[in-house]
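Student: See my_file-v7.pdb below, with PDB, C-alpha atoms.
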ATOM      1  CA  MET O  10       0.000   0.000   0.000
ATOM      2  CA  ILE O  11       2.813   2.418   0.929
ATOM      3  CA  PHE O  12       4.629   1.549  -2.290
ATOM      4  CA  SER O  13       1.485   2.121  -4.364
ATOM      5  CA  ARG O  14       0.991   5.577  -2.813
ATOM      6  CA  LYS O  15       4.593   6.530  -3.482
ATOM      7  CA  PHE O  16       4.186   5.323  -7.046
ATOM      8  CA  LEU O  17       0.984   7.351  -7.390
ATOM      9  CA  ARG O  18       2.753  10.533  -6.294
ATOM     10  CA  PHE O  19       5.555   9.821  -8.748
ATOM     11  CA  ARG O  20       3.074   9.109 -11.550
ATOM     12  CA  ILE O  21       1.140  12.342 -10.890
ATOM     13  CA  ARG O  22       4.361  14.367 -10.916
ATOM     14  CA  ILE O  23       5.562  12.826 -14.175
ATOM     15  CA  ALA O  24       2.147  13.127 -15.843
ATOM     16  CA  ALA O  25       1.841  16.794 -14.862
ATOM     17  CA  LEU O  26       5.329  17.509 -16.207
ATOM     18  CA  ALA O  27       4.440  15.726 -19.439
ATOM     19  CA  VAL O  28       1.301  17.849 -19.880
ATOM     20  CA  HIS O  29       3.334  20.977 -19.074
ATOM     21  CA  PHE O  30       5.984  20.063 -21.651
ATOM     22  CA  ALA O  31       3.442  19.159 -24.346
ATOM     23  CA  ALA O  32       1.539  22.411 -23.811
ATOM     24  CA  TRP O  33       4.790  24.379 -23.965
ATOM     25  CA  LEU O  34       5.748  22.731 -27.270
ATOM     26  CA  GLN O  35       2.342  23.571 -28.671
ATOM     27  CA  SER O  36       2.022  27.165 -27.460
ATOM     28  CA  GLY O  37       5.505  28.301 -26.518
ATOM     29  CA  ASP O  38       3.971  30.012 -23.481
ATOM     30  CA  LYS O  39       5.771  28.764 -20.379
ATOM     31  CA  LYS O  40       3.315  30.282 -17.895
ATOM     32  CA  LYS O  41       0.212  28.843 -19.561
ATOM     33  CA  SER O  42       1.810  25.446 -20.066
ATOM     34  CA  LYS O  43       2.825  25.307 -16.396
ATOM     35  CA  SER O  44      -0.752  26.125 -15.413
ATOM     36  CA  LYS O  45      -2.084  23.299 -17.586
ATOM     37  CA  GLY O  46       0.346  20.876 -15.995
ATOM     38  CA  ALA O  47      -0.690  22.007 -12.507
ATOM     39  CA  GLN O  48      -4.391  21.681 -13.365
ATOM     40  CA  PHE O  49      -3.846  18.169 -14.695
ATOM     41  CA  GLY O  50      -1.950  17.180 -11.551
ATOM     42  CA  ALA O  51      -4.696  18.640  -9.363
ATOM     43  CA  LYS O  52      -7.310  16.681 -11.284
ATOM     44  CA  MET O  53      -5.412  13.427 -10.738
ATOM     45  CA  ARG O  54      -5.048  14.175  -7.020
ATOM     46  CA  THR O  55      -8.751  14.992  -6.732
ATOM     47  CA  ASN O  56      -9.617  11.710  -8.435
ATOM     48  CA  TYR O  57      -7.386   9.851  -5.978
ATOM     49  CA  LEU O  58      -8.973  11.546  -2.958
ATOM     50  CA  ALA O  59     -12.479  10.837  -4.257
ATOM     51  CA  LYS O  60     -11.710   7.204  -5.038
ATOM     52  CA  ASN O  61     -10.147   6.484  -1.649
ATOM     53  CA  TYR O  62     -11.971   8.739   0.806
ATOM     54  CA  LEU O  63     -15.373   9.768  -0.545
ATOM     55  CA  TRP O  64     -16.832   6.742   1.231
ATOM     56  CA  ALA O  65     -16.128   8.482   4.570
ATOM     57  CA  ALA O  66     -18.495  11.313   3.576
ATOM     58  CA  GLU O  67     -21.176   8.887   2.440
ATOM     59  CA  LYS O  68     -21.469   7.428   5.947
ATOM     60  CA  VAL O  69     -22.477  10.884   7.276
ATOM     61  CA  SER O  70     -26.227  11.375   7.647
ATOM     62  CA  PRO O  71     -27.782  14.851   7.353
ATOM     63  CA  LYS O  72     -28.573  16.262  10.802
ATOM     64  CA  LYS O  73     -30.672  19.075  12.171
ATOM     65  CA  VAL O  74     -28.632  22.251  12.061
ATOM     66  CA  THR O  75     -28.408  24.069  15.394
ATOM     67  CA  VAL O  76     -26.838  27.269  16.717
ATOM     68  CA  GLU O  77     -25.051  27.540  20.059
ATOM     69  CA  THR O  78     -25.612  30.711  22.094
ATOM     70  CA  PRO O  79     -23.316  32.468  21.742
ATOM     71  CA  GLU O  80     -21.574  31.099  18.700
ATOM     72  CA  THR O  81     -17.810  31.365  18.503
ATOM     73  CA  ILE O  82     -15.269  32.896  16.166
ATOM     74  CA  TRP O  83     -12.384  30.411  16.271
ATOM     75  CA  GLN O  84      -8.741  31.261  15.633
ATOM     76  CA  PHE O  85      -5.506  29.404  16.278
ATOM     77  CA  TRP O  86      -1.939  30.554  16.732
ATOM     78  CA  ASP O  87       0.975  28.877  18.481
ATOM     79  CA  ASN O  88       4.581  30.006  18.212
ATOM     80  CA  PRO O  89       7.377  27.529  17.511
ATOM     81  CA  THR O  90       9.918  27.285  20.343
ATOM     82  CA  GLY O  91      12.034  30.415  20.511
ATOM     83  CA  LYS O  92       9.789  32.397  18.162
ATOM     84  CA  THR O  93       7.571  35.381  18.914
ATOM     85  CA  THR O  94       4.249  36.286  17.345
ATOM     86  CA  PRO O  95       4.742  38.508  14.259
ATOM     87  CA  GLU O  96       3.309  42.001  14.641
ATOM     88  CA  ILE O  97       0.982  41.517  11.660
ATOM     89  CA  VAL O  98      -0.526  38.434  13.339
ATOM     90  CA  LYS O  99      -1.004  40.320  16.614
ATOM     91  CA  ALA O 100      -2.777  43.092  14.701
ATOM     92  CA  CYS O 101      -5.005  40.623  12.853
ATOM     93  CA  LEU O 102      -6.030  38.842  16.047
ATOM     94  CA  GLU O 103      -6.786  42.171  17.696
ATOM     95  CA  SER O 104      -8.825  43.275  14.686
ATOM     96  CA  ALA O 105     -11.047  40.206  15.029
ATOM     97  CA  LYS O 106     -11.777  41.109  18.666
ATOM     98  CA  LYS O 107     -13.185  44.470  17.568
ATOM     99  CA  PHE O 108     -15.852  42.922  15.359
ATOM    100  CA  THR O 109     -17.116  39.841  17.174
ATOM    101  CA  GLY O 110     -20.666  41.180  17.376
ATOM    102  CA  ASN O 111     -22.873  38.538  19.009
ATOM    103  CA  PHE O 112     -20.122  35.937  18.717
ATOM    104  CA  ASP O 113     -17.714  34.813  21.397
ATOM    105  CA  HIS O 114     -14.041  34.958  20.352
ATOM    106  CA  LYS O 115     -11.505  32.254  21.156
ATOM    107  CA  ILE O 116      -7.841  32.236  20.126
ATOM    108  CA  LEU O 117      -6.580  28.714  20.740
ATOM    109  CA  ASN O 118      -3.036  27.395  21.050
ATOM    110  CA  ASN O 119      -1.530  23.963  21.584
ATOM    111  CA  SER O 120      -2.289  24.011  25.307
ATOM    112  CA  THR O 121      -5.974  24.939  24.921
ATOM    113  CA  ILE O 122      -7.215  23.100  21.828
ATOM    114  CA  GLY O 123      -7.935  19.997  23.914
ATOM    115  CA  ASN O 124     -10.643  21.916  25.764
ATOM    116  CA  TYR O 125     -12.692  22.263  22.590
ATOM    117  CA  SER O 126     -11.609  19.644  20.048
ATOM    118  CA  ASP O 127     -11.621  15.863  19.991
ATOM    119  CA  LEU O 128      -9.159  15.225  17.192
ATOM    120  CA  PRO O 129      -7.984  11.595  17.159
ATOM    121  CA  GLY O 130      -4.687  10.775  18.835
ATOM    122  CA  TYR O 131      -3.123   9.696  15.561
ATOM    123  CA  VAL O 132      -3.483  13.264  14.248
ATOM    124  CA  PHE O 133      -1.253  14.542  17.065
ATOM    125  CA  ASP O 134       1.120  11.622  16.483
ATOM    126  CA  ARG O 135       1.462  12.637  12.830
ATOM    127  CA  LEU O 136       2.127  16.236  13.887
ATOM    128  CA  LYS O 137       4.701  15.383  16.557
ATOM    129  CA  SER O 138       6.565  13.001  14.253
ATOM    130  CA  GLY O 139       6.832  15.634  11.522
ATOM    131  CA  GLN O 140       4.716  13.608   9.083
ATOM    132  CA  MET O 141       2.071  16.345   9.193
ATOM    133  CA  GLY O 142       2.843  20.053   9.019
ATOM    134  CA  TYR O 143       1.046  22.754  11.016
ATOM    135  CA  ALA O 144      -0.855  23.924   7.941
ATOM    136  CA  HIS O 145      -2.510  20.527   7.483
ATOM    137  CA  PHE O 146      -3.038  20.182  11.233
ATOM    138  CA  ALA O 147      -4.898  23.508  11.224
ATOM    139  CA  ASP O 148      -6.993  22.213   8.300
ATOM    140  CA  LEU O 149      -8.253  19.385  10.517
ATOM    141  CA  LEU O 150      -8.599  21.541  13.615
ATOM    142  CA  ARG O 151     -10.887  24.103  11.978
ATOM    143  CA  LEU O 152     -13.304  21.467  10.716
ATOM    144  CA  ASN O 153     -13.274  19.608  14.028
ATOM    145  CA  LEU O 154     -14.138  22.763  15.976
ATOM    146  CA  LEU O 155     -16.907  23.719  13.575
ATOM    147  CA  LYS O 156     -18.294  20.190  13.468
ATOM    148  CA  ASN O 157     -18.466  20.023  17.264
ATOM    149  CA  HIS O 158     -19.534  23.579  18.075
ATOM    150  CA  GLY O 159     -20.364  25.496  14.909
ATOM    151  CA  GLY O 160     -19.381  29.127  14.439
ATOM    152  CA  ILE O 161     -16.817  30.812  12.225
ATOM    153  CA  TRP O 162     -13.200  29.942  11.553
ATOM    154  CA  MET O 163     -10.805  32.756  10.686
ATOM    155  CA  ASP O 164      -7.124  32.301   9.894
ATOM    156  CA  ALA O 165      -4.859  34.276  12.218
ATOM    157  CA  THR O 166      -3.635  36.347   9.267
ATOM    158  CA  LEU O 167      -7.044  37.775   8.346
ATOM    159  CA  TYR O 168      -7.352  41.500   9.099
ATOM    160  CA  ILE O 169     -10.966  42.302   9.995
ATOM    161  CA  THR O 170     -12.448  45.717   9.207
ATOM    162  CA  ASP O 171     -16.150  45.166   9.885
ATOM    163  CA  PHE O 172     -18.671  42.700  11.285
ATOM    164  CA  VAL O 173     -19.346  39.491   9.370
ATOM    165  CA  PRO O 174     -22.239  40.242   6.989
ATOM    166  CA  LYS O 175     -25.651  38.885   7.917
ATOM    167  CA  TYR O 176     -25.990  37.001   4.629
ATOM    168  CA  ILE O 177     -22.968  34.905   5.653
ATOM    169  CA  VAL O 178     -24.026  34.483   9.304
ATOM    170  CA  ASP O 179     -27.433  33.245   8.131
ATOM    171  CA  GLU O 180     -25.935  30.481   5.990
ATOM    172  CA  ASP O 181     -25.615  26.946   7.379
ATOM    173  CA  PHE O 182     -22.274  26.735   5.581
ATOM    174  CA  PHE O 183     -20.192  29.228   3.631
ATOM    175  CA  VAL O 184     -16.729  29.510   2.087
ATOM    176  CA  PHE O 185     -15.322  31.989  -0.413
ATOM    177  CA  LEU O 186     -14.336  30.749  -3.848
ATOM    178  CA  ILE O 187     -10.818  31.274  -5.176
ATOM    179  CA  ALA O 188     -10.212  34.723  -6.601
ATOM    180  CA  LYS O 189     -10.380  34.954 -10.379
ATOM    181  CA  GLN O 190      -6.973  36.652 -10.370
ATOM    182  CA  ALA O 191      -5.455  34.406  -7.695
ATOM    183  CA  ARG O 192      -1.679  33.984  -7.727
ATOM    184  CA  TYR O 193      -1.603  30.342  -6.736
ATOM    185  CA  SER O 194      -0.066  27.253  -8.275
ATOM    186  CA  TYR O 195      -3.538  26.119  -9.342
ATOM    187  CA  SER O 196      -6.174  28.010 -11.255
ATOM    188  CA  HIS O 197      -9.750  28.786 -10.242
ATOM    189  CA  SER O 198     -10.854  25.463 -11.736
ATOM    190  CA  SER O 199      -8.452  23.436  -9.585
ATOM    191  CA  THR O 200      -8.607  24.274  -5.862
ATOM    192  CA  PHE O 201     -11.584  26.572  -6.541
ATOM    193  CA  MET O 202     -12.309  27.469  -2.902
ATOM    194  CA  ALA O 203     -10.525  29.159   0.002
ATOM    195  CA  ASN O 204     -10.405  27.708   3.511
ATOM    196  CA  CYS O 205      -9.123  30.789   5.389
ATOM    197  CA  PHE O 206     -12.696  31.728   6.375
ATOM    198  CA  ILE O 207     -15.383  29.108   7.025
ATOM    199  CA  ARG O 208     -18.863  29.664   8.403
ATOM    200  CA  ALA O 209     -20.567  26.446   9.552
ATOM    201  CA  LYS O 210     -23.475  25.939  11.898
ATOM    202  CA  LYS O 211     -23.376  22.904  14.156
ATOM    203  CA  GLY O 212     -24.730  19.944  12.226
ATOM    204  CA  SER O 213     -23.689  21.228   8.804
ATOM    205  CA  PHE O 214     -23.446  18.253   6.452
ATOM    206  CA  LEU O 215     -20.783  19.894   4.309
ATOM    207  CA  CYS O 216     -18.571  20.549   7.316
ATOM    208  CA  GLU O 217     -18.906  17.088   8.852
ATOM    209  CA  ALA O 218     -18.559  15.179   5.582
ATOM    210  CA  TRP O 219     -15.487  17.226   4.645
ATOM    211  CA  TYR O 220     -13.978  16.564   8.082
ATOM    212  CA  GLU O 221     -14.593  12.819   7.910
ATOM    213  CA  MET O 222     -12.828  12.585   4.554
ATOM    214  CA  CYS O 223      -9.843  14.600   5.762
ATOM    215  CA  VAL O 224      -9.375  12.830   9.081
ATOM    216  CA  GLU O 225      -9.706   9.431   7.397
ATOM    217  CA  TYR O 226      -6.912  10.409   5.008
ATOM    218  CA  TRP O 227      -4.506  11.040   7.885
ATOM    219  CA  LYS O 228      -5.557   7.827   9.568
ATOM    220  CA  ASN O 229      -4.266   5.914   6.564
ATOM    221  CA  GLU O 230      -1.498   8.094   5.134
ATOM    222  CA  ALA O 231       1.657   9.492   6.684
ATOM    223  CA  LYS O 232       2.387  12.187   4.117
ATOM    224  CA  ALA O 233       0.392  14.919   2.465
ATOM    225  CA  LEU O 234      -0.540  14.242  -1.136
ATOM    226  CA  ASP O 235      -0.587  17.952  -1.903
ATOM    227  CA  TYR O 236      -0.269  21.229   0.029
ATOM    228  CA  TYR O 237      -3.794  22.161  -1.119
ATOM    229  CA  GLN O 238      -5.320  18.746  -0.498
ATOM    230  CA  HIS O 239      -7.791  20.212   2.010
ATOM    231  CA  GLN O 240      -9.312  22.256  -0.806
ATOM    232  CA  LEU O 241      -9.060  19.378  -3.276
ATOM    233  CA  MET O 242     -10.859  17.116  -0.793
ATOM    234  CA  PHE O 243     -13.719  19.637  -0.651
ATOM    235  CA  LYS O 244     -13.775  19.763  -4.448
ATOM    236  CA  ALA O 245     -14.076  15.971  -4.604
ATOM    237  CA  LEU O 246     -16.898  16.105  -2.040
ATOM    238  CA  VAL O 247     -19.100  18.733  -3.698
ATOM    239  CA  GLU O 248     -18.597  17.330  -7.180
ATOM    240  CA  ARG O 249     -19.284  13.665  -6.417
ATOM    241  CA  ASN O 250     -21.559  13.436  -3.373
ATOM    242  CA  LEU O 251     -25.145  14.287  -4.330
ATOM    243  CA  THR O 252     -26.132  15.788  -0.968
ATOM    244  CA  ALA O 253     -22.978  17.907  -0.798
ATOM    245  CA  LYS O 254     -23.364  18.986  -4.401
ATOM    246  CA  GLN O 255     -26.886  20.281  -3.811
ATOM    247  CA  LEU O 256     -25.943  22.116  -0.622
ATOM    248  CA  PHE O 257     -22.933  23.696  -2.303
ATOM    249  CA  GLU O 258     -25.015  24.820  -5.291
ATOM    250  CA  ASN O 259     -27.424  26.563  -2.899
ATOM    251  CA  MET O 260     -24.587  28.378  -1.094
ATOM    252  CA  PRO O 261     -23.799  31.925  -2.309
ATOM    253  CA  HIS O 262     -20.845  31.689  -4.717
ATOM    254  CA  ILE O 263     -18.655  34.680  -3.964
ATOM    255  CA  PRO O 264     -15.043  34.875  -5.183
ATOM    256  CA  GLU O 265     -12.437  36.140  -2.739
ATOM    257  CA  ASP O 266     -11.136  38.836  -5.113
ATOM    258  CA  GLU O 267     -12.147  41.663  -2.785
ATOM    259  CA  LEU O 268     -10.395  40.144   0.231
ATOM    260  CA  SER O 269      -7.182  39.354  -1.670
ATOM    261  CA  LEU O 270      -6.072  42.913  -2.355
ATOM    262  CA  PHE O 271      -2.832  42.499  -0.377
ATOM    263  CA  ILE O 272      -1.641  39.382  -2.205
ATOM    264  CA  GLY O 273       1.991  39.534  -3.325
ATOM    265  CA  ASP O 274       3.816  42.878  -3.357
ATOM    266  CA  ASN O 275       0.654  44.916  -2.723
ATOM    267  CA  ILE O 276       1.059  44.641   1.025
ATOM    268  CA  VAL O 277       4.343  46.588   0.910
ATOM    269  CA  LYS O 278       3.029  49.333  -1.361
ATOM    270  CA  LYS O 279       3.110  52.881  -0.022
ATOM    271  CA  PHE O 280       0.044  53.517   2.141
ATOM    272  CA  ASP O 281      -2.693  55.636   0.584
ATOM    273  CA  ALA O 282      -5.504  56.732   2.924
ATOM    274  CA  ASP O 283      -8.090  57.153   0.152
ATOM    275  CA  GLU O 284      -7.289  53.758  -1.352
ATOM    276  CA  TRP O 285      -7.425  52.148   2.081
ATOM    277  CA  GLU O 286     -10.889  53.578   2.669
ATOM    278  CA  LYS O 287     -12.056  51.918  -0.559
ATOM    279  CA  ILE O 288     -10.413  48.621   0.451
ATOM    280  CA  ARG O 289     -11.849  48.770   3.969
ATOM    281  CA  THR O 290     -15.392  49.361   2.770
ATOM    282  CA  THR O 291     -15.223  46.856  -0.088
ATOM    283  CA  SER O 292     -14.787  43.792   2.110
ATOM    284  CA  PHE O 293     -15.095  43.088   5.831
ATOM    285  CA  LEU O 294     -11.748  41.283   5.849
ATOM    286  CA  GLN O 295      -8.410  41.196   4.045
ATOM    287  CA  LYS O 296      -5.931  38.371   3.703
ATOM    288  CA  THR O 297      -2.429  39.270   4.904
ATOM    289  CA  THR O 298       0.840  37.432   5.413
ATOM    290  CA  TYR O 299       3.869  37.640   7.690
ATOM    291  CA  ARG O 300       6.033  36.274   4.866
ATOM    292  CA  ILE O 301       6.441  39.586   3.093
ATOM    293  CA  PRO O 302       8.625  40.522   0.094
ATOM    294  CA  TYR O 303      12.012  41.809   1.272
ATOM    295  CA  ARG O 304      12.755  45.510   1.174
ATOM    296  CA  ASP O 305      15.016  47.842   3.193
ATOM    297  CA  ASP O 306      12.290  50.106   4.516
ATOM    298  CA  TYR O 307       8.713  49.076   5.354
ATOM    299  CA  SER O 308       7.726  52.395   6.918
ATOM    300  CA  ASP O 309       4.580  54.086   5.620
ATOM    301  CA  THR O 310       3.467  50.956   3.762
ATOM    302  CA  TYR O 311       0.215  49.039   4.117
ATOM    303  CA  PHE O 312       2.179  46.364   5.973
ATOM    304  CA  SER O 313       3.501  48.817   8.560
ATOM    305  CA  LYS O 314       0.087  50.449   9.009
ATOM    306  CA  LEU O 315      -1.613  47.077   9.435
ATOM    307  CA  CYS O 316       1.008  46.023  12.005
ATOM    308  CA  GLU O 317       0.246  49.179  13.966
ATOM    309  CA  GLY O 318      -3.417  48.177  13.987
ATOM    310  CA  LYS O 319      -4.539  51.778  13.606
ATOM    311  CA  ILE O 320      -6.325  51.576  10.257
TER     312      ILE O 320
END
Please express the file's structure as structure tokens.

Tutor:
Amino acid sequence: MIFSRKFLRFRIRIAALAVHFAAWLQSGDKKKSKSKGAQFGAKMRTNYLAKNYLWAAEKVSPKKVTVETPETIWQFWDNPTGKTTPEIVKACLESAKKFTGNFDHKILNNSTIGNYSDLPGYVFDRLKSGQMGYAHFADLLRLNLLKNHGGIWMDATLYITDFVPKYIVDEDFFVFLIAKQARYSYSHSSTFMANCFIRAKKGSFLCEAWYEMCVEYWKNEAKALDYYQHQLMFKALVERNLTAKQLFENMPHIPEDELSLFIGDNIVKKFDADEWEKIRTTSFLQKTTYRIPYRDDYSDTYFSKLCEGKI
């Protein structure tokens, strides 16, 4: 079984490279050919995830959706040994506190997650052994918290500028779709959704089915198939499970373009108060990062202003 999975990863890599090379020979456009290769690889990975783990979603029965009072906005941040919390993360976490509305707000770390989650022991074993990275651990944690309690998950690098809109709060389940102009290794048609913000009421079929598929994967496999496999697992779910497909079709389909305005070098652009006012009023949140492009002076940039938490 281990050998077959290693062979699968090798086969996907070679097949994607072959598609990339063939597209490059045909068009001469390196960027477009690379995108085609990535899309083909993503499709093969999605097929693998559906074939091997869709059964875990099919054992989930639709439940009555309920709402805890109050609901919770969940966030997670834990520093590696010897590291301190980046200023941009501190500012983002503080920004979420300002706009909790009727929600409770919990920022969890490694010492407190056990109070709210019931992730299987093998998940922590994978994490401690280095087989699972923190990104994929957080993928499981967010779904486990929402499955058990409902509420809203926000990544610790989301800068919040207003309350969560009612049309999102009212939904049983909601995620943003990938931005049309996203600068990722896959196109809109590959990962096709973002997991940085998830609204799920307790009992949401989409949340629980997605969780069961993901946790079953890590029960059987000791290495990630793909960095974006959390998103690819969701894609497999809503394309091939009839209940999930219907629920997803009924969910508002909103691309994350307006919350991705600081992607890439934009976050270190010179701050403009008028432009910021447009950004702030366009979306209630913005994606940020602490892995910023290098430059000698960050003063008077969007990054520095966000870190100050005064905008």

Student: Do you have the CA of Phe85 (chain O)-CA of Ser213 (chain O) distance handy?

Tutor: 21.3 Å

Student: Identify all residues satisfying the PyMOL selection byres ((chain O and resi 242) around 10) in the given file; provide them as a list in words.

Tutor: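 For this structure, the PyMOL selection byres ((chain O and resi 242) around 10) captures Arg54, Thr55, Asn56, Tyr57, Leu58, Ala59, Tyr62, Leu63, Thr200, Trp219, Tyr220, Met222, Cys223, Tyr226, Tyr237, Gln238, His239, Gln240, Leu241, Phe243, Lys244, Ala245, Leu246 and Val247 of chain O.
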
Student: Between CA of Thr121 (chain O) and CA of Thr298 (chain O), what is the distance, to one decimal in Å?

Tutor: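 It comes out at 24.1 Å.
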
Student: When the PyMOL selection byres ((chain O and resi 180) around 8) is applied to the structure above, which residues does it catch, written out as a ChimeraX atom specification?

Tutor: /O:176-179,181-183,208-210,260

Student: Run the PyMOL selection byres ((chain O and resi 97-108) around 12) on the file and write out the hits as a PyMOL selection string.

Tutor: chain O and resi 81-88+93-96+109-117+161-174+276+293-301+311-320

Student: If you measure from CA of His158 (chain O) to CA of Trp227 (chain O), what distance in Å do you get, rounded to one decimal?

Tutor: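 Value for the CA of His158 (chain O)-CA of Trp227 (chain O) distance: 22.1 Å.
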
Student: For Ile288 (chain O), find every residue with an atom within 9 Å (counting all atoms listed in the file), except residues of its own chain fewer than 5 positions away, and show them as a list of chain:residue names.

Tutor: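 Contacts, with the query itself left out: O:Glu267, O:Leu268, O:Leu270, O:Asp283, O:Gln295.
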
Student: So that I can see what lies close to Val277 (chain O), please list as a list of chain:residue names the residues with an atom at most 7 Å from it, counting all atoms listed in the file and leaving out residues fewer than 2 positions away in the same chain.

Tutor: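 My reading of the contact set: O:Asp274, O:Asn275, O:Lys279, O:Tyr307, O:Thr310, O:Tyr311, O:Phe312.
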
Student: Identify which of the residues O:Ser138, O:Asn153, O:Thr290, O:Thr75 lies closest to Ile207 (chain O), counting only C-alpha atoms when measuring atom-to-atom distances.

Tutor: O:Asn153

Student: Please identify all polymer residues within 9 Å of Ala188 (chain O), counting all atoms listed in the file, omitting same-chain residues fewer than 6 positions from it, and present them as number ranges by chain.

Tutor: O: 197, 201-203, 263-269

Student: Add whatever atoms are absent from region 145-162 of chain O to reach N, CA and C atoms, and provide the output as an mmCIF file, in the coordinates of the input.

Tutor:
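selection.cif, written as the output of this step:
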data_model
loop_
_atom_site.group_PDB
_atom_site.id
_atom_site.type_symbol
_atom_site.label_atom_id
_atom_site.label_comp_id
_atom_site.auth_asym_id
_atom_site.auth_seq_id
_atom_site.Cartn_x
_atom_site.Cartn_y
_atom_site.Cartn_z
ATOM 1 N N HIS O 145 -1.530 21.595 7.636
ATOM 2 C CA HIS O 145 -2.510 20.527 7.483
ATOM 3 C C HIS O 145 -3.159 20.179 8.820
ATOM 4 N N PHE O 146 -2.424 20.370 9.917
ATOM 5 C CA PHE O 146 -3.038 20.182 11.233
ATOM 6 C C PHE O 146 -4.153 21.200 11.440
ATOM 7 N N ALA O 147 -3.888 22.456 11.082
ATOM 8 C CA ALA O 147 -4.898 23.508 11.224
ATOM 9 C C ALA O 147 -6.107 23.236 10.334
ATOM 10 N N ASP O 148 -5.879 22.593 9.176
ATOM 11 C CA ASP O 148 -6.993 22.213 8.300
ATOM 12 C C ASP O 148 -7.965 21.283 9.025
ATOM 13 N N LEU O 149 -7.414 20.321 9.771
ATOM 14 C CA LEU O 149 -8.253 19.385 10.517
ATOM 15 C C LEU O 149 -8.892 20.059 11.721
ATOM 16 N N LEU O 150 -8.104 20.893 12.407
ATOM 17 C CA LEU O 150 -8.599 21.541 13.615
ATOM 18 C C LEU O 150 -9.821 22.407 13.327
ATOM 19 N N ARG O 151 -9.773 23.190 12.261
ATOM 20 C CA ARG O 151 -10.887 24.103 11.978
ATOM 21 C C ARG O 151 -12.189 23.343 11.713
ATOM 22 N N LEU O 152 -12.094 22.239 10.999
ATOM 23 C CA LEU O 152 -13.304 21.467 10.716
ATOM 24 C C LEU O 152 -13.807 20.743 11.962
ATOM 25 N N ASN O 153 -12.877 20.290 12.796
ATOM 26 C CA ASN O 153 -13.274 19.608 14.028
ATOM 27 C C ASN O 153 -14.003 20.556 14.970
ATOM 28 N N LEU O 154 -13.495 21.771 15.110
ATOM 29 C CA LEU O 154 -14.138 22.763 15.976
ATOM 30 C C LEU O 154 -15.524 23.128 15.461
ATOM 31 N N LEU O 155 -15.620 23.340 14.156
ATOM 32 C CA LEU O 155 -16.907 23.719 13.575
ATOM 33 C C LEU O 155 -17.903 22.566 13.605
ATOM 34 N N LYS O 156 -17.414 21.355 13.401
ATOM 35 C CA LYS O 156 -18.294 20.190 13.468
ATOM 36 C C LYS O 156 -18.872 20.038 14.876
ATOM 37 N N ASN O 157 -18.041 20.240 15.878
ATOM 38 C CA ASN O 157 -18.466 20.023 17.264
ATOM 39 C C ASN O 157 -19.267 21.186 17.839
ATOM 40 N N HIS O 158 -18.948 22.411 17.429
ATOM 41 C CA HIS O 158 -19.534 23.579 18.075
ATOM 42 C C HIS O 158 -20.230 24.551 17.122
ATOM 43 N N GLY O 159 -19.876 24.492 15.836
ATOM 44 C CA GLY O 159 -20.364 25.496 14.909
ATOM 45 C C GLY O 159 -19.634 26.813 15.114
ATOM 46 N N GLY O 160 -19.987 27.816 14.311
ATOM 47 C CA GLY O 160 -19.381 29.127 14.439
ATOM 48 C C GLY O 160 -18.679 29.566 13.172
ATOM 49 N N ILE O 161 -17.596 30.296 13.347
ATOM 50 C CA ILE O 161 -16.817 30.812 12.225
ATOM 51 C C ILE O 161 -15.342 30.564 12.482
ATOM 52 N N TRP O 162 -14.653 30.074 11.486
ATOM 53 C CA TRP O 162 -13.200 29.942 11.553
ATOM 54 C C TRP O 162 -12.581 31.080 10.763
#
